[in-house]
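File shown: protein05.cif. Contents: mmCIF, C-alpha atoms.
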data_query
#
loop_
_atom_site.label_atom_id
_atom_site.label_comp_id
_atom_site.auth_asym_id
_atom_site.auth_seq_id
_atom_site.Cartn_x
_atom_site.Cartn_y
_atom_site.Cartn_z
CA MET A 1 158.07 167.47 162.29
CA LYS A 2 158.28 166.46 165.91
CA ALA A 3 161.07 164.02 166.61
CA THR A 4 160.20 160.60 167.99
CA PRO A 5 161.12 160.50 171.70
CA ALA A 6 164.14 158.35 172.43
CA PRO A 7 163.33 155.10 174.29
CA THR A 8 166.24 155.92 176.62
CA ASN A 9 164.34 158.95 177.90
CA LEU A 10 161.31 156.81 178.64
CA TRP A 11 163.32 154.32 180.67
CA ALA A 12 165.06 157.18 182.49
CA ALA A 13 161.75 158.85 183.41
CA ALA A 14 160.35 155.51 184.62
CA TRP A 15 163.46 155.02 186.80
CA VAL A 16 162.59 158.23 188.67
CA VAL A 17 159.25 156.67 189.62
CA THR A 18 160.93 153.44 190.71
CA ALA A 19 163.52 155.29 192.81
CA VAL A 20 160.95 157.11 194.95
CA PHE A 21 158.67 154.10 195.36
CA MET A 22 161.67 152.08 196.56
CA LEU A 23 161.93 154.50 199.47
CA SER A 24 158.21 154.31 200.24
CA ASN A 25 158.28 150.74 201.57
CA SER A 26 161.95 150.29 202.52
CA PRO A 27 161.21 150.90 206.23
CA THR A 28 158.76 147.95 206.40
CA PRO A 29 161.25 145.21 207.44
CA LEU A 30 162.93 147.62 209.89
CA TYR A 31 159.92 148.53 212.05
CA VAL A 32 160.61 145.71 214.52
CA HIS A 33 164.26 146.81 214.72
CA TRP A 34 163.27 150.41 215.48
CA GLN A 35 160.67 149.26 218.01
CA GLN A 36 163.39 147.40 219.90
CA GLN A 37 165.83 150.30 219.67
CA LEU A 38 163.43 153.14 220.51
CA GLY A 39 160.81 151.28 222.57
CA PHE A 40 157.50 152.37 221.06
CA SER A 41 154.14 150.59 220.94
CA SER A 42 152.15 149.14 218.02
CA GLY A 43 149.87 152.18 218.18
CA VAL A 44 152.79 154.58 217.75
CA LEU A 45 154.15 152.41 214.94
CA THR A 46 150.89 152.72 212.99
CA VAL A 47 150.84 156.50 213.54
CA ILE A 48 154.35 156.69 212.05
CA PHE A 49 153.10 154.65 209.09
CA ALA A 50 149.96 156.80 208.70
CA LEU A 51 152.01 160.02 208.57
CA TYR A 52 153.27 158.74 205.21
CA ILE A 53 149.67 158.59 203.98
CA ALA A 54 148.99 162.06 205.40
CA GLY A 55 151.91 163.50 203.44
CA LEU A 56 150.82 161.62 200.32
CA LEU A 57 147.21 162.80 200.50
CA GLY A 58 148.10 166.42 201.16
CA THR A 59 150.49 166.43 198.22
CA LEU A 60 147.99 164.77 195.87
CA LEU A 61 145.67 167.72 196.39
CA ILE A 62 148.08 170.24 194.87
CA ALA A 63 151.10 168.64 193.15
CA GLY A 64 149.35 167.92 189.84
CA GLN A 65 147.97 171.44 189.59
CA LEU A 66 151.37 172.93 190.45
CA SER A 67 153.18 170.79 187.89
CA ASP A 68 150.74 171.86 185.15
CA ARG A 69 151.28 175.50 186.06
CA TYR A 70 154.99 175.67 186.82
CA GLY A 71 156.38 172.68 184.94
CA ARG A 72 157.29 169.14 185.96
CA LYS A 73 160.88 169.88 187.04
CA LEU A 74 159.96 172.60 189.52
CA VAL A 75 157.70 170.13 191.33
CA LEU A 76 159.77 166.94 190.91
CA ILE A 77 163.03 168.42 192.21
CA PRO A 78 161.60 169.50 195.62
CA GLY A 79 159.88 166.10 195.85
CA LEU A 80 163.17 164.27 195.32
CA LEU A 81 164.92 166.54 197.82
CA ALA A 82 162.21 165.66 200.36
CA ALA A 83 162.93 161.98 199.69
CA LEU A 84 166.65 162.52 200.28
CA VAL A 85 165.98 164.27 203.59
CA ALA A 86 163.73 161.34 204.57
CA CYS A 87 166.62 158.98 203.77
CA LEU A 88 168.92 160.97 206.03
CA LEU A 89 166.39 160.90 208.87
CA PHE A 90 165.86 157.13 208.55
CA ALA A 91 169.59 156.45 208.39
CA SER A 92 170.31 158.42 211.58
CA ALA A 93 167.03 157.96 213.49
CA THR A 94 167.53 158.20 217.25
CA SER A 95 163.96 159.21 218.14
CA ILE A 96 160.35 158.57 217.21
CA MET A 97 160.09 162.14 215.93
CA MET A 98 162.85 161.56 213.36
CA LEU A 99 161.05 158.47 212.06
CA ALA A 100 157.74 160.34 211.96
CA ILE A 101 159.15 163.28 209.99
CA GLY A 102 160.95 160.89 207.67
CA ARG A 103 157.73 159.01 206.90
CA PHE A 104 155.84 162.26 206.34
CA LEU A 105 158.49 163.51 203.88
CA ALA A 106 158.48 160.13 202.12
CA GLY A 107 154.71 160.52 201.67
CA ILE A 108 155.20 163.96 200.16
CA ALA A 109 157.78 162.56 197.73
CA VAL A 110 155.45 159.75 196.67
CA GLY A 111 152.57 162.22 196.24
CA VAL A 112 154.77 164.25 193.88
CA ILE A 113 155.66 161.13 191.90
CA VAL A 114 152.08 159.84 191.66
CA SER A 115 151.02 163.15 190.13
CA ALA A 116 153.90 164.99 188.44
CA GLY A 117 156.22 161.97 188.06
CA MET A 118 153.71 159.69 186.36
CA ALA A 119 152.65 162.60 184.15
CA ALA A 120 156.30 163.19 183.24
CA VAL A 121 156.67 159.62 181.97
CA VAL A 122 153.66 160.11 179.71
CA ASP A 123 155.00 163.51 178.58
CA VAL A 124 158.35 162.01 177.59
CA GLY A 125 156.62 159.22 175.67
CA GLY A 126 154.57 161.64 173.60
CA SER A 127 151.81 160.50 171.25
CA GLU A 128 154.13 157.98 169.55
CA HIS A 129 154.72 155.92 172.70
CA LYS A 130 151.57 156.59 174.71
CA ARG A 131 150.79 152.94 175.48
CA LEU A 132 154.42 152.10 176.26
CA ALA A 133 154.71 155.12 178.56
CA ALA A 134 151.57 154.18 180.51
CA LEU A 135 152.79 150.59 180.90
CA LEU A 136 156.27 151.66 182.01
CA ALA A 137 154.85 154.13 184.55
CA SER A 138 152.64 151.46 186.10
CA VAL A 139 155.36 148.80 186.17
CA ALA A 140 157.93 151.27 187.53
CA MET A 141 155.65 152.15 190.45
CA VAL A 142 155.02 148.55 191.49
CA LEU A 143 158.62 147.51 190.84
CA GLY A 144 159.87 150.21 193.19
CA ALA A 145 157.23 149.41 195.83
CA GLY A 146 158.39 145.78 195.81
CA LEU A 147 162.15 146.28 195.44
CA GLY A 148 162.39 148.64 198.41
CA PRO A 149 161.32 146.17 201.12
CA LEU A 150 163.11 143.29 199.39
CA LEU A 151 166.40 145.22 199.44
CA SER A 152 166.04 146.35 203.04
CA GLY A 153 164.85 142.92 204.19
CA GLY A 154 167.79 141.18 202.54
CA LEU A 155 170.35 143.55 204.06
CA ALA A 156 168.67 143.46 207.47
CA GLN A 157 168.86 139.66 207.35
CA SER A 158 172.59 139.60 206.61
CA LEU A 159 173.96 142.66 208.45
CA ALA A 160 174.09 143.32 212.19
CA GLN A 161 173.66 147.09 211.64
CA PRO A 162 171.65 147.35 208.42
CA VAL A 163 169.99 150.78 208.66
CA LEU A 164 172.86 152.97 207.43
CA PRO A 165 173.78 150.71 204.44
CA ILE A 166 170.13 150.43 203.38
CA PHE A 167 169.47 154.15 203.28
CA SER A 168 172.89 154.95 201.83
CA ILE A 169 171.93 152.80 198.84
CA GLU A 170 168.51 154.46 198.72
CA ALA A 171 170.16 157.90 198.75
CA LEU A 172 172.39 156.95 195.81
CA VAL A 173 169.36 155.73 193.89
CA LEU A 174 167.52 158.99 194.60
CA LEU A 175 170.56 161.06 193.56
CA SER A 176 170.55 159.25 190.22
CA ALA A 177 166.86 160.12 189.85
CA LEU A 178 167.58 163.76 190.69
CA GLY A 179 170.23 163.84 187.97
CA ILE A 180 167.78 162.35 185.46
CA VAL A 181 165.09 164.94 186.27
CA TRP A 182 167.64 167.73 185.85
CA TRP A 183 168.75 166.30 182.49
CA LEU A 184 165.45 165.24 180.90
CA PRO A 185 163.57 167.67 178.62
CA LEU A 186 160.37 167.71 180.69
CA ARG A 187 157.19 169.66 180.03
CA ARG A 188 157.24 173.36 180.81
CA PRO A 189 154.25 175.29 182.21
CA ILE A 190 151.09 174.79 180.14
CA THR A 191 148.65 177.11 181.93
CA SER A 192 148.59 180.84 182.49
CA GLY A 193 146.72 183.40 184.54
CA PRO A 194 146.37 183.67 188.32
CA ALA A 195 146.97 180.55 190.35
CA ARG A 196 143.77 179.05 191.79
CA LEU A 197 144.47 175.86 193.67
CA ARG A 198 141.30 174.00 194.55
CA LEU A 199 140.15 170.65 195.84
CA PRO A 200 139.70 168.02 193.13
CA THR A 201 136.09 167.60 192.06
CA VAL A 202 134.10 165.05 190.05
CA PRO A 203 131.08 165.95 187.88
CA GLN A 204 127.75 164.98 189.42
CA ALA A 205 127.06 162.53 186.59
CA ASN A 206 130.29 160.61 187.29
CA ARG A 207 130.29 160.41 191.09
CA ARG A 208 128.71 156.95 191.08
CA GLN A 209 131.55 155.56 188.96
CA VAL A 210 134.20 157.03 191.24
CA ALA A 211 132.34 155.80 194.33
CA CYS A 212 132.31 152.25 192.91
CA GLY A 213 136.09 152.38 192.68
CA ILE A 214 136.53 153.78 196.19
CA VAL A 215 134.39 151.13 197.93
CA THR A 216 136.47 148.30 196.40
CA PHE A 217 139.90 149.89 196.13
CA GLY A 218 139.63 151.25 199.69
CA PRO A 219 139.32 147.88 201.49
CA GLY A 220 142.03 146.37 199.28
CA ILE A 221 144.61 149.09 199.96
CA THR A 222 143.64 149.08 203.65
CA ALA A 223 144.55 145.37 203.74
CA THR A 224 147.93 146.01 202.09
CA SER A 225 148.59 148.93 204.46
CA PHE A 226 147.96 146.61 207.40
CA VAL A 227 150.52 144.14 206.02
CA LEU A 228 153.09 146.91 205.53
CA ALA A 229 152.56 148.49 208.95
CA LEU A 230 151.90 145.49 211.20
CA GLY A 231 152.88 142.40 209.22
CA PRO A 232 156.46 142.37 210.59
CA SER A 233 155.13 142.74 214.17
CA LEU A 234 152.78 139.79 213.70
CA LEU A 235 155.63 137.70 212.33
CA SER A 236 157.94 138.61 215.20
CA HIS A 237 155.73 138.84 218.27
CA LEU A 238 152.84 136.51 217.47
CA LEU A 239 154.26 133.89 215.12
CA ASP A 240 157.80 134.03 216.57
CA VAL A 241 159.43 134.49 213.15
CA ARG A 242 162.15 137.16 213.22
CA SER A 243 163.15 137.34 209.57
CA PRO A 244 163.46 140.77 207.95
CA LEU A 245 163.96 139.02 204.62
CA LEU A 246 160.60 137.25 204.96
CA ALA A 247 158.89 140.50 205.94
CA GLY A 248 160.44 142.33 202.97
CA GLY A 249 159.86 139.47 200.57
CA MET A 250 156.22 139.22 201.63
CA ALA A 251 155.70 142.93 200.88
CA CYS A 252 157.49 142.58 197.53
CA ALA A 253 155.38 139.57 196.51
CA MET A 254 152.23 141.43 197.53
CA PHE A 255 152.89 144.25 195.09
CA LEU A 256 153.96 141.91 192.31
CA THR A 257 150.66 140.08 192.79
CA ALA A 258 148.78 143.39 192.50
CA THR A 259 150.40 143.95 189.11
CA GLY A 260 150.14 140.39 187.85
CA VAL A 261 146.44 140.10 188.61
CA GLN A 262 145.70 143.33 186.72
CA LEU A 263 147.47 142.00 183.63
CA ALA A 264 145.66 138.67 183.95
CA VAL A 265 142.12 140.09 184.11
CA LYS A 266 142.47 143.26 182.05
CA HIS A 267 139.76 142.08 179.62
CA TRP A 268 137.24 141.11 182.31
CA PRO A 269 133.93 142.98 182.65
CA ILE A 270 134.16 145.65 185.35
CA ARG A 271 131.46 144.03 187.49
CA ARG A 272 133.45 140.80 187.64
CA THR A 273 136.61 142.75 188.48
CA PHE A 274 134.89 144.46 191.42
CA ALA A 275 133.44 141.16 192.64
CA ALA A 276 136.89 139.52 192.45
CA SER A 277 138.44 142.44 194.35
CA ALA A 278 135.98 142.08 197.20
CA ALA A 279 136.40 138.29 197.25
CA ALA A 280 140.21 138.58 197.37
CA THR A 281 140.08 141.06 200.25
CA VAL A 282 137.66 138.86 202.23
CA LEU A 283 139.84 135.78 201.65
CA SER A 284 142.86 137.84 202.72
CA MET A 285 141.17 138.52 206.05
CA VAL A 286 140.28 134.83 206.42
CA GLY A 287 143.96 134.03 205.91
CA LEU A 288 144.94 136.63 208.49
CA VAL A 289 142.64 135.14 211.15
CA LEU A 290 143.85 131.63 210.31
CA ALA A 291 147.49 132.75 210.60
CA ILE A 292 146.86 134.33 213.99
CA HIS A 293 144.86 131.57 215.64
CA ALA A 294 146.63 128.57 214.08
CA SER A 295 150.13 130.15 214.13
CA LEU A 296 150.57 129.49 210.39
CA VAL A 297 153.16 131.66 208.64
CA PRO A 298 152.07 130.40 205.15
CA ALA A 299 148.55 131.65 205.91
CA LEU A 300 149.93 135.14 206.65
CA VAL A 301 151.89 135.09 203.38
CA ALA A 302 148.75 134.00 201.51
CA SER A 303 146.82 136.79 203.25
CA ALA A 304 149.38 139.34 201.98
CA LEU A 305 149.18 138.03 198.41
CA LEU A 306 145.38 138.12 198.44
CA ALA A 307 145.49 141.66 199.86
CA GLY A 308 147.66 142.66 196.89
CA ALA A 309 145.15 141.06 194.53
CA GLY A 310 142.27 142.89 196.20
CA GLN A 311 144.04 146.24 195.90
CA GLY A 312 145.08 145.65 192.30
CA LEU A 313 141.63 144.55 191.15
CA GLY A 314 139.84 147.40 192.93
CA GLN A 315 142.26 149.93 191.47
CA LEU A 316 141.90 148.45 187.97
CA GLY A 317 138.10 148.56 188.13
CA GLY A 318 138.03 152.11 189.47
CA LEU A 319 140.50 153.48 186.95
CA THR A 320 138.72 151.69 184.09
CA LEU A 321 135.37 153.21 185.02
CA ILE A 322 136.97 156.65 185.24
CA GLY A 323 138.64 156.18 181.87
CA LEU A 324 135.38 155.10 180.23
CA HIS A 325 132.98 157.65 181.72
CA VAL A 326 134.75 160.72 183.15
CA PRO A 327 135.50 163.50 180.60
CA ASP A 328 139.11 164.49 179.89
CA SER A 329 138.70 167.80 181.71
CA HIS A 330 138.05 166.03 185.03
CA ARG A 331 139.86 162.71 184.66
CA ALA A 332 142.97 163.68 186.60
CA GLN A 333 140.82 165.06 189.41
CA ALA A 334 138.73 161.89 189.44
CA ASN A 335 141.92 159.82 189.75
CA ALA A 336 142.96 161.99 192.70
CA VAL A 337 139.57 161.52 194.39
CA LEU A 338 139.82 157.74 193.89
CA ASN A 339 143.22 157.66 195.57
CA ILE A 340 142.19 159.99 198.39
CA GLY A 341 139.07 157.92 199.07
CA GLY A 342 141.15 154.75 199.21
CA TYR A 343 144.03 156.06 201.28
CA ILE A 344 141.93 157.65 204.03
CA PRO A 345 140.72 154.30 205.46
CA ALA A 346 144.15 152.82 204.69
CA GLY A 347 145.59 155.34 207.14
CA LEU A 348 142.87 155.42 209.79
CA LEU A 349 142.02 151.73 210.23
CA PRO A 350 145.58 150.44 210.78
CA VAL A 351 146.19 153.24 213.31
CA ALA A 352 143.03 152.33 215.21
CA THR A 353 144.07 148.67 215.07
CA GLY A 354 147.54 149.45 216.39
CA TYR A 355 146.14 151.13 219.49
CA LEU A 356 143.56 148.37 219.85
CA MET A 357 146.39 145.84 219.83
CA ASP A 358 148.08 147.75 222.64
CA ALA A 359 144.86 147.54 224.65
CA VAL A 360 143.64 143.98 223.97
CA GLY A 361 146.66 142.22 222.46
CA LEU A 362 147.99 141.53 218.96
CA ALA A 363 145.72 138.55 218.27
CA SER A 364 142.45 140.16 219.38
CA GLY A 365 143.21 143.50 217.73
CA ALA A 366 144.13 141.91 214.37
CA THR A 367 141.06 139.66 214.49
CA LEU A 368 138.73 142.62 215.05
CA PHE A 369 140.42 144.46 212.18
CA ALA A 370 139.84 141.43 209.93
CA LEU A 371 136.15 141.29 210.87
CA VAL A 372 135.59 145.01 210.20
CA LEU A 373 137.38 144.90 206.86
CA THR A 374 135.55 141.72 205.81
CA VAL A 375 132.16 143.37 206.35
CA THR A 376 133.31 146.56 204.62
CA ALA A 377 134.66 144.68 201.59
CA LEU A 378 131.51 142.56 201.27
CA VAL A 379 129.11 145.52 201.48
CA GLY A 380 131.23 147.67 199.15
CA GLY A 381 131.77 144.85 196.66
CA ILE A 382 128.06 143.98 196.46
CA TRP A 383 127.10 147.65 195.98
CA ALA A 384 129.80 148.31 193.35
CA THR A 385 128.94 145.14 191.43
CA ARG A 386 125.30 146.23 191.19
CA GLN A 387 126.07 149.85 190.32
CA ALA A 388 128.94 149.49 187.85
CA SER A 389 128.35 149.69 184.13
CA ASP A 390 130.88 148.28 181.68
#
As structure tokens, please, write out the structure in this file.
Amino acid sequence: MKATPAPTNLWAAAWVVTAVFMLSNSPTPLYVHWQQQLGFSSGVLTVIFALYIAGLLGTLLIAGQLSDRYGRKLVLIPGLLAALVACLLFASATSIMMLAIGRFLAGIAVGVIVSAGMAAVVDVGGSEHKRLAALLASVAMVLGAGLGPLLSGGLAQSLAQPVLPIFSIEALVLLSALGIVWWLPLRRPITSGPARLRLPTVPQANRRQVACGIVTFGPGITATSFVLALGPSLLSHLLDVRSPLLAGGMACAMFLTATGVQLAVKHWPIRRTFAASAAATVLSMVGLVLAIHASLVPALVASALLAGAGQGLGQLGGLTLIGLHVPDSHRAQANAVLNIGGYIPAGLLPVATGYLMDAVGLASGATLFALVLTVTALVGGIWATRQASD
């Protein structure tokens, strides 16, 4: 008889997810610091941020397939090593190129965790702890995404030279995760035959469900990406608030909101979830415009929290539709397509906005971004609400 997996193993596997997601957003409160030290524009800043998404998307295309073929450890270990190299680059960054490579490697590490790492948590849980494993994997991801900027923001607030201490702590956290992956009895290869990596696909009959998720999740995660990439710049240069702790705390609260709202509405009909996602994203953009033109920091904080709600609700609706309608044989690929479809605008729109800000100013550029995303969220939300089936 198969032994019941030890709860300790579940917590350990979840910690690996938390460790990498801590790194993903730790640079957020430090962007203003690096801008002052290295002298780059808002456009360059958003390109550095978008390289993270590029690394993430590229990795999502192949990491899950590789982990099924060669085992979780042989994919997770290179991913964690990439995260450690990113830490080293951030800690010693003396050029834009070092920051750019660090963000790209961080994206690769997160892509590995989203695919192989989340799967490893479920593997460790086994059939006896399937629900607990899924819950821990989700909470671990959001906990790490929130703890990273909170830690770096707090240290940046209290230390004159915070970069080295922040990424030294991150490196220690990642080393603990590397030790856990080495120690845990993770799944070995489960497929055989010649390797045939391919782009993820969705059956024709299920493309409408996946599209419904993309058109609501996409605007929501684009709003949160804007907060992560340009929120600290708005606080510093437009609202004259130079507080790394506020910037980090705002990002942390945004991700906690994304989780809390999913738990609060988990029994809602999918149509209502999509409608609420679109409404939250639109209200987030209203808060952004109000913050800019009335110089209200609380409005910017509210905008970040609503962006988190929009992302969380869109993701919940999309994943629920996939779970209800997409067959097991294509569910992982459908999840990958949902994430790719959401992250592409989350990378492109903030970059375009960053360069627009350089050309027309922070206030005008952010306002135009808010208008574009408002229209996109409204159109996508109306379409998804009409198309979705519970």
Practice task
Give as a PyMOL selection string every residue, naming chains and numbers as the document does, that has an atom within 12 Å of (137.0, 165.6, 188.6), counting only C-alpha atoms.
Solution key: chain A and resi 61+198-207+209-210+322-323+325-338
Exercise for the section: Identify all residues satisfying the PyMOL selection byres ((chain A and resi 13) around 8) in the given file; provide them as a PyMOL selection string. Expected result: chain A and resi 9-12+14-17+117+120-121+124+180-181+184
Exercise for the section: Extract, using only C-alpha atoms, all DNA, RNA and protein residues at most 10 Å from Gly342 of chain A, discarding same-chain residues fewer than 3 positions from it, and format them as JSON, numbers by chain. Expected result: {"A": [213, 214, 215, 216, 217, 218, 219, 220, 221, 222, 311, 314, 315, 336, 337, 338, 339, 345, 346, 347]}
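Atom pair atom CA of Ala119 of chain A / atom CA of Val20 of chain A has a distance of 14.7 Å (rounded to one decimal).
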Practice task
Using the chain letters and numbers from the file, give me the residues hit by the PyMOL selection byres ((chain A and resi 85-87) around 7), as a VMD selection string.
Solution key: chain A and resid 81 to 84 88 to 91 102 to 103 105 to 106 167 171
Closest pair table for segment 310-346 of chain A residues within 7 Å of segment 254-267 of chain A, only C-alpha atoms, as JSON lines:
{"residue": "A:Gln311", "atom": "CA", "partner": "A:Ala258", "partner_atom": "CA", "distance": 6.5}
{"residue": "A:Gly312", "atom": "CA", "partner": "A:Ala258", "partner_atom": "CA", "distance": 4.3}
{"residue": "A:Leu313", "atom": "CA", "partner": "A:Gln262", "partner_atom": "CA", "distance": 6.1}
{"residue": "A:Leu316", "atom": "CA", "partner": "A:Gln262", "partner_atom": "CA", "distance": 6.5}
From the coordinates supplied, segment 377-389 of chain A should be written with N, CA, C and O atoms, as a tab-separated table (two decimals), in the first residue's frame.
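Result file follows (out_0.tsv):
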chain	number	residue	atom	x	y	z
A	377	ALA	N	-10.61	46.43	-21.05
A	377	ALA	CA	-11.27	45.66	-20.00
A	377	ALA	C	-12.78	45.64	-20.19
A	377	ALA	O	-13.43	44.60	-19.98
A	378	LEU	N	-13.36	46.77	-20.58
A	378	LEU	CA	-14.81	46.84	-20.79
A	378	LEU	C	-15.24	45.93	-21.94
A	378	LEU	O	-16.18	45.12	-21.79
A	379	VAL	N	-14.55	46.05	-23.08
A	379	VAL	CA	-14.91	45.23	-24.25
A	379	VAL	C	-14.72	43.74	-23.94
A	379	VAL	O	-15.59	42.90	-24.21
A	380	GLY	N	-13.57	43.40	-23.36
A	380	GLY	CA	-13.30	42.00	-23.03
A	380	GLY	C	-14.26	41.45	-21.99
A	380	GLY	O	-14.75	40.32	-22.11
A	381	GLY	N	-14.57	42.25	-20.97
A	381	GLY	CA	-15.48	41.80	-19.93
A	381	GLY	C	-16.88	41.56	-20.45
A	381	GLY	O	-17.53	40.57	-20.10
A	382	ILE	N	-17.39	42.46	-21.31
A	382	ILE	CA	-18.73	42.31	-21.88
A	382	ILE	C	-18.79	41.05	-22.74
A	382	ILE	O	-19.72	40.23	-22.66
A	383	TRP	N	-17.75	40.86	-23.59
A	383	TRP	CA	-17.73	39.67	-24.46
A	383	TRP	C	-17.66	38.37	-23.64
A	383	TRP	O	-18.42	37.42	-23.90
A	384	ALA	N	-16.76	38.34	-22.65
A	384	ALA	CA	-16.60	37.12	-21.85
A	384	ALA	C	-17.87	36.82	-21.05
A	384	ALA	O	-18.26	35.65	-20.92
A	385	THR	N	-18.52	37.84	-20.53
A	385	THR	CA	-19.73	37.63	-19.75
A	385	THR	C	-20.84	37.04	-20.62
A	385	THR	O	-21.63	36.20	-20.16
A	386	ARG	N	-20.89	37.44	-21.87
A	386	ARG	CA	-21.92	36.89	-22.78
A	386	ARG	C	-21.59	35.48	-23.27
A	386	ARG	O	-22.48	34.67	-23.53
A	387	GLN	N	-20.28	35.19	-23.40
A	387	GLN	CA	-19.87	33.92	-23.98
A	387	GLN	C	-19.74	32.80	-22.96
A	387	GLN	O	-19.90	31.62	-23.29
A	388	ALA	N	-19.40	33.15	-21.72
A	388	ALA	CA	-19.07	32.13	-20.72
A	388	ALA	C	-20.29	31.29	-20.36
A	388	ALA	O	-21.41	31.78	-20.30
A	389	SER	N	-20.02	30.02	-20.10
A	389	SER	CA	-21.07	29.12	-19.61
A	389	SER	C	-20.59	28.51	-18.31
A	389	SER	O	-19.45	28.06	-18.20
